[in-house]
Structures are given as C-alpha cells and as structure tokens.
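Contents: one structure, followed by commentary.
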Amino acid sequence: MLSGNLIHIWQDGNVLKYKTDSGSNLNVLLSSYFRLCDPIDKIYDCISSHDKKLAKLVEKYHSGVRLLRQDPWECTVAYLCSPNASVDKIRLNVETIATLGRKLELCDDVRHSFPTCEEVLDAGVEALEELSLGFSRTPGNIIAAAKRVCCGDLDFEELTRQPYNNVVWQLMEKRSASRKVANGIGDKVADCIALFALDEMEAFPVDRHIGRALADMYDDCPPLPENSKGGLTYKQYRDIADWARKRFGEYACYVNQLLFHRQRPQRPPSGC
DNA sequence: CGCCAGGGTAGAC
DNA sequence: GTCTACCATGGC
C-alpha cells in the first residue's frame, strides 16, 4: 500500500513490475519509494571498494537490497511499536493498525490503507489498546505522536529540509541535553524515521543486529556491552554510529542496509 | 521451560 | 551526562 493505492509489486530480474487498479500512473510514486534515482551502481561500487567483507555483501545483495523512502507518519508508527519486537511482529502490528484505515481490494487481496493521524485520533487510544501492539505504553505514544502531527507541531515536510542532528533532536523532543521527554522515540527509532522516511542519509540506525554485525566484522569498532540485556546507552549508541559514519563515509546508510540483511533470508520490501 | 526480537523509560548515581 | 532494571508479546 502506497499513498492509498494497493499495489502488487514483484521483481523480474533487474526490472521492477507492478499491478494496481488505481487509474493513475504510479511510476513516479514507486520510483520515489524505492529511491530509483539514487546512483545505486556507483554506491555499491564505492562500498565494495572499502573492504573484502563489504564487497561480498554487495555481491550477494546488490540486486535486491534498497533503501526505501517510506511515508513519514506510517514509518513513525511502525517504529513506535518496534522496541523488543521482531520484524515479523512489527509487520503484523502495522497490518493490525491498518484495520483502522480504508478497505482496499486488488485481485481478491483485501487490505487497508494506513490510517492518517486524524483517523488514528478518531479511533482513540482504547482501539489501539485492543491490538496487542507490544508494550502497554505504545498506544499512548502513538496517540501522542498523532496529536503532534495533526496540530502541526511535528511537520515532516519541514524536517526533510533540516540537517540530520536537528531532525533527530525534534523527533525525540529533546529540550535540554540532560532531560528527554518520554514520547517513545529514542535515538534508534529517531534514526530509523530520519533515514527511512525523511531523507537524512547521515542517519545510521544501530539495532542489535547491526551492532552484532559490526562487532563481529571489525576489530576496531567500539565493543558492545557484555552483560547488557540488549540495550545500548546513548553514549554507546553514538560511539558506534559515529564510528560507522567515519569508517564507511558518504554511503554509510547503504552499508547499514547491507549489514541488516546479512545472513538473513531476503524478504519482500517492507511497507503495507 | 528457555532465549531472542530493527529499544525506551524512570530512577539512580 | 551515563548506566540499569524493567517492561509485553510472539516465535522458536
């Protein structure tokens, strides 16, 4: 589902094909979603030239792995219910929340558009609480985010024109260096929204998989904590992300995508 | 039963 | 500013 259009998408060799009953031509929309204007060959060549391990990842995944330009609101909600959840669980959460949206049909495939922030507010926090989205704080965080977006306090359009640090700062609602407002968006979730929806190519999300991959592949990478239960402190997170930006340079965010897919069954592009 | 999953928060120092 | 215990749930 993209911008209210239910689309069936598949890959035929190096060609992207799709089917939809939407009257309009969706080439522009899909081109933006898959970032087809990015110089992908140049990017992967550049990454390959860094080291052997990356070259191997590029060889394996270059024909399938892309960075996406997702819808900022949908992306925000998706990552609000991502903490301590698997990709499959997050995908299920997004599909479940989508039942609050408009019904769509294509070739006997019945799905839903992702609900707008207004539709989420109309549904109310009680409706979200019945969806088993994970932690009990998640429905409240989603409602709070919906209010920020609806009232214009959180303006994604404007954020895409701002520098990376500023974007993360605003997403997290950090008002001082020491105090952060609890809105469900920490450093990692903010990075994901910034990179996957707001064109902030400087973002380098560090989840457990990325952290493990880096520690595994590079001896000079800041080490992961030994006995932590999965979590990185803000400092540890920043140290690793900064190391990666410095090490991988301009296309670090694409390296991030490759690392995430390392030793993982390839899945169809996420989204709804 | 155990462990793991695209982490964030309150509260402690 | 930095570090910890705790949080809900599904899959395996």
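Letters A, B, ... mark the chains of the structure tokens in the order given; residue numbers begin at 1 per chain; ligand numbers begin at 1, in order shown.
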Pull the closest atom pair for each residue of chain B that gets at most 12 Å from chain A, along with the distance in Å to one decimal, counting only C-alpha atoms (C1' of nucleotides), ordering rows by chain and then ascending residue number, as CSV.
```
residue,atom,partner,partner_atom,distance
B:DC3,C1',A:Lys229,CA,11.6
B:DC4,C1',A:Ser86,CA,8.7
B:DA5,C1',A:Ser86,CA,4.2
B:DG6,C1',A:Asp207,CA,5.4
B:DG7,C1',A:Pro83,CA,4.4
B:DG8,C1',A:Gly184,CA,6.1
B:DT9,C1',A:Ala182,CA,6.9
B:DA10,C1',A:Ala182,CA,9.7
```
Residues of chain A at most 8 Å from chain C: nearest atom pair and distance in Å, only C-alpha atoms (C1' of nucleotides), as a Markdown table:
```
| residue | atom | partner | partner_atom | distance |
| --- | --- | --- | --- | --- |
| A:Lys89 | CA | C:DG10 | C1' | 7.2 |
| A:Ser132 | CA | C:DT9 | C1' | 7.7 |
| A:Gly134 | CA | C:DA8 | C1' | 5.2 |
| A:Phe135 | CA | C:DA8 | C1' | 4.8 |
| A:Ser136 | CA | C:DA8 | C1' | 6.9 |
| A:Ser178 | CA | C:DG1 | C1' | 6.6 |
| A:Thr233 | CA | C:DC3 | C1' | 7.1 |
| A:Lys235 | CA | C:DT2 | C1' | 7.5 |
```
request  = Could you tell me, as a list in words, which residues of range 221-272 of chain A DSSP assigns to alpha helix (DSSP H) when given the backbone?
outcome  = Tyr234, Lys235, Gln236, Tyr237, Arg238, Asp239, Ile240, Ala241, Asp242, Trp243, Ala244, Arg245, Lys246, Arg247, Phe248, Ala252, Cys253, Tyr254, Val255, Asn256, Gln257, Leu258, Leu259, Phe260 and His261 of chain A
Test item, strand (DSSP E or B) assignment across range 44-226 of chain A, answer as a PyMOL selection string = chain A and resi 103-106+109-112+174+180
So that I have them on file, write out the residues from the current selection with C-alpha atoms, as a PDB file, in the first residue's frame.
```
ATOM      1  CA  LYS A 103     -10.576  -1.042   2.941  1.00  0.00           C
ATOM      2  CA  LEU A 104      -8.780  -1.687  -0.367  1.00  0.00           C
ATOM      3  CA  GLU A 105      -9.081  -4.564  -2.814  1.00  0.00           C
ATOM      4  CA  LEU A 106      -6.941  -5.867  -5.650  1.00  0.00           C
ATOM      5  CA  ASP A 109      -6.473  -9.335  -1.974  1.00  0.00           C
ATOM      6  CA  VAL A 110      -8.326  -7.373   0.714  1.00  0.00           C
ATOM      7  CA  ARG A 111      -6.139  -4.923   2.598  1.00  0.00           C
ATOM      8  CA  HIS A 112      -6.346  -1.466   4.175  1.00  0.00           C
ATOM      9  CA  LYS A 174      14.890  16.774  23.456  1.00  0.00           C
ATOM     10  CA  LYS A 180      14.322  13.964  27.470  1.00  0.00           C
TER      11      LYS A 180
END
```
task = May I ask for the distance between CA of Arg91 in chain A and CA of Asp242 in chain A, given in Å to one decimal place?
result = 28.9 Å
